[in-house]
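J.: Please read through the structure below; I'll follow up with questions.
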Amino acid sequence: SRLNNREISYVVGGRFMQLVDFIPAPDHLKLRYLNVSLLFILALLAFRQPASRLVLLPVLLTPQAWYLFSYYNSDALSLFAVMLSAYQLFVRDSMLRRLLRGERPPGMLLAVIGLGLLVAMQYWVKLNYIFFTLYLGMLAVSWWLVNRRLPALQQARPALLLLALGTMMFLSWNVARHAVNDFALKERGAACQEQTASASYKPSAPLEQTHPNVRLKDKGYTLHDIIVGKDWPKRLFYTALGTYGYMEYLNNDYLFEAQAVVIILLLLLVFAGLMVRGDAMARLAGLSALGAMTAVSLAALWVNWTMDFQPQGRYLMVWLPILGSVMAMYITLINRGVLNALSALAFILGCYSFYAVGLVEVAKSL
């Protein structure tokens with residue numbers, strides 16, 4: 001059960017259902033209200049804080065991100081948390097940046113608690129979103145390589161306080177969940193899986209009796225078989241541009257190809273601007289972003305090969321805050337008119353995919 005792992009999204013979902021228990025609606029709709037509310041908060045932030053729009057712009061580029069917020073799943077909370085983190089870190093007038101400048105904004109106590117919770121969320125997100133933290137570490141190393149020092153903070157204490165507060169929140173929760181399971185959570189989880197999983201997914205199942213998509217490496221498949229034979233790169237990238245239901249409903253090839261061309265051109269525009277027009281720090285920031293984006297793709301490949309072959313584009317959603325932060329930092333190096341045009345085209349194609357494919361096909365299956 002996902003309740004037994006490090007993520008907190010399903011615990012949050014359960015508490016939210018208790019909070020809105022008075023609403024006369026089916027439970028699955030109540031859970032959807034939570035994820036829809038998260039997307040609404042991001043939209044409200046973009047409406048009220050114009051400086052946040054570049055960071056949040058990548059959310060508009062793929063309907064797969066919107067779809068994650070339309071039903072209950074653990075990706076939505078993780079994506080929400082890292083997008084908020086990118087805003088706090090890379091927008092000059094964010095609450096975090098104001099605290100680090102030594103300002104004392106109104107409601108400072110609530111701000112510190114909220115930011116501490118945001119720090120804790122970096123421990124609680126799904127594993128693929130941890131690559132955003134990797135990207136931040138690579139940025140810090142890049143800064144040190146260029147300047148031979150870490151970024152100067154006028155007020156270091158707020159940063160240390162938030163880090164300590166968030167870490168304490170996570171550790172307290174982690175100790176509590178192990179304590180209620182007599183510090184045998186891993187063993188109980190394995191026993192539960194053995195007892196409740198279908199025969200092809202049981203840990204004790206002989207290799208030849210496991211599901212056809214499980215443990216392909218152990219079954220003799222090579223990386224070439226996965227990448228070429230099973231067309232893994234195309235399936236991963238295309239499903240990041242719009243796949244609905246349990247991957248039953250896909251765009252047609254023409255729409256996928258049109259979306260892919262627009263997104264690739266946008267990525268080339270952004271990173272070519274950094275590499276050609278930027279200084280050493282801009283180039284290293286671009287390389288850091290590309291490195292983290294490549295790393296999560298390779299991690300997805302490894303999981304698909306060694307554990308469970310499910311090339312789902314949702315693994316790549318951590319690209320969105322990484323791309324947004326790069327654009328927010330170096331928008332002066334990017335042709336704004338071309339960026340706006342490509343973003344608008346990606347949004348239009350995404351809207352067609354979401355409404356004409358996603359909503360129509362899912363509605364037919366109900």
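Chain lettering (A, B, ...) mirrors the order of the structure tokens, residue numbering begins at 1 for each chain separately, and ligand numbering begins at 1 in order of display.
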Write out as JSON, numbers by chain which residues come within 10 Å of range 243-260 of chain A when counting only C-alpha atoms, dropping same-chain ones fewer than 5 positions away.

T.: {"A": [61, 62, 63, 64, 67, 68, 71, 234, 237, 238, 265, 266, 310, 311, 312, 313, 314, 345, 346, 347, 348, 349, 350, 352, 353, 354, 356, 357, 358, 359, 360, 361, 362, 365]}

J.: Using only C-alpha atoms, please write the residues we just selected to a file, as a PDB file, in the first residue's frame.

T.:
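New file out_15.pdb:
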ATOM      1  CA  LEU A  61       2.466  23.359 -21.922  1.00  0.00           C
ATOM      2  CA  THR A  62       1.158  19.813 -21.423  1.00  0.00           C
ATOM      3  CA  PRO A  63      -2.359  18.560 -20.700  1.00  0.00           C
ATOM      4  CA  GLN A  64      -0.803  15.653 -18.816  1.00  0.00           C
ATOM      5  CA  TYR A  67      -4.966  15.640 -16.018  1.00  0.00           C
ATOM      6  CA  LEU A  68      -2.950  14.848 -12.889  1.00  0.00           C
ATOM      7  CA  TYR A  71      -8.464  12.940 -10.425  1.00  0.00           C
ATOM      8  CA  LYS A 234       8.688   7.633 -27.847  1.00  0.00           C
ATOM      9  CA  PHE A 237       7.762  11.327 -24.192  1.00  0.00           C
ATOM     10  CA  TYR A 238       4.408  11.046 -25.957  1.00  0.00           C
ATOM     11  CA  LEU A 265      11.443  23.884 -30.357  1.00  0.00           C
ATOM     12  CA  LEU A 266      10.615  25.576 -27.049  1.00  0.00           C
ATOM     13  CA  GLN A 310       5.251   1.283 -17.422  1.00  0.00           C
ATOM     14  CA  PRO A 311       6.672   4.098 -19.587  1.00  0.00           C
ATOM     15  CA  GLN A 312       4.413   6.808 -18.192  1.00  0.00           C
ATOM     16  CA  GLY A 313       5.080  10.434 -19.025  1.00  0.00           C
ATOM     17  CA  ARG A 314       4.096  11.502 -15.528  1.00  0.00           C
ATOM     18  CA  LEU A 345       0.649  26.978 -29.599  1.00  0.00           C
ATOM     19  CA  ALA A 346       1.493  24.246 -27.066  1.00  0.00           C
ATOM     20  CA  PHE A 347      -1.436  25.399 -24.898  1.00  0.00           C
ATOM     21  CA  ILE A 348      -3.873  25.340 -27.832  1.00  0.00           C
ATOM     22  CA  LEU A 349      -2.798  21.841 -28.871  1.00  0.00           C
ATOM     23  CA  GLY A 350      -3.004  20.765 -25.227  1.00  0.00           C
ATOM     24  CA  TYR A 352      -7.622  20.125 -27.957  1.00  0.00           C
ATOM     25  CA  SER A 353      -6.021  16.983 -26.533  1.00  0.00           C
ATOM     26  CA  PHE A 354      -7.545  17.461 -23.082  1.00  0.00           C
ATOM     27  CA  ALA A 356     -11.396  16.249 -27.569  1.00  0.00           C
ATOM     28  CA  VAL A 357      -9.457  13.167 -26.450  1.00  0.00           C
ATOM     29  CA  GLY A 358      -9.332  13.130 -22.654  1.00  0.00           C
ATOM     30  CA  LEU A 359     -12.762  14.324 -21.554  1.00  0.00           C
ATOM     31  CA  VAL A 360     -14.656  12.857 -24.500  1.00  0.00           C
ATOM     32  CA  GLU A 361     -13.108   9.382 -24.376  1.00  0.00           C
ATOM     33  CA  VAL A 362     -13.174   9.076 -20.572  1.00  0.00           C
ATOM     34  CA  SER A 365     -16.301   4.827 -20.758  1.00  0.00           C
TER      35      SER A 365
END

J.: Skipping near chain neighbours, those fewer than 2 positions away, what residues fall within 10 Å of Leu136 in chain A using only C-alpha atoms, listed as a ChimeraX atom specification?

T.: /A:86,89,131-134,138-142,285,288-289,292,322

J.: Which of these residues is nearest to Leu145 in chain A, using only C-alpha atoms: A:Arg283, A:Ala328, A:Ser9, A:Lys219?

T.: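 Counting only C-alpha atoms, the residue closest to Leu145 in chain A is A:Arg283.
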
J.: So which residues of range 57-281 of chain A fall under alpha helix (DSSP H) by DSSP, listed as a ChimeraX atom specification?

T.: /A:63-68,74-90,95-100,108-124,130-147,156-179,185-196,223-224,232-239,253-277,280-281

J.: Distance CA of Leu269 in chain A-CA of Gly337 in chain A, one decimal place?

T.: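 A separation of 11.1 Å between them.
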
J.: Which is closest to His211 in chain A among A:Met307, A:Leu163, A:Met17, A:Met275, if we use only C-alpha atoms?

T.: A:Met307

J.: Give me, as an NGL selection string, all polymer residues having an atom no more than 10 Å from range 176-185 of chain A, counting only C-alpha atoms and skipping those fewer than 5 positions away in the same chain.

T.: :A and (3-6 or 170-171 or 190-191)

J.: Excluding Met83 in chain A and its own-chain neighbours fewer than 3 positions away, which residues fall within 7 Å of it when counting only C-alpha atoms? Please give them as a list in words.

T.: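 Contacts, in chain order: Leu56, Leu79, Phe80, Ala86, Tyr87 and Pro321 of chain A.
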
J.: Using only C-alpha atoms, which of the listed residues (A:Ala65, A:Asp27, A:Gly189, A:Arg92) sits closest to Gln49 in chain A?

T.: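 Selected residue with least distance to Gln49 in chain A: A:Arg92.
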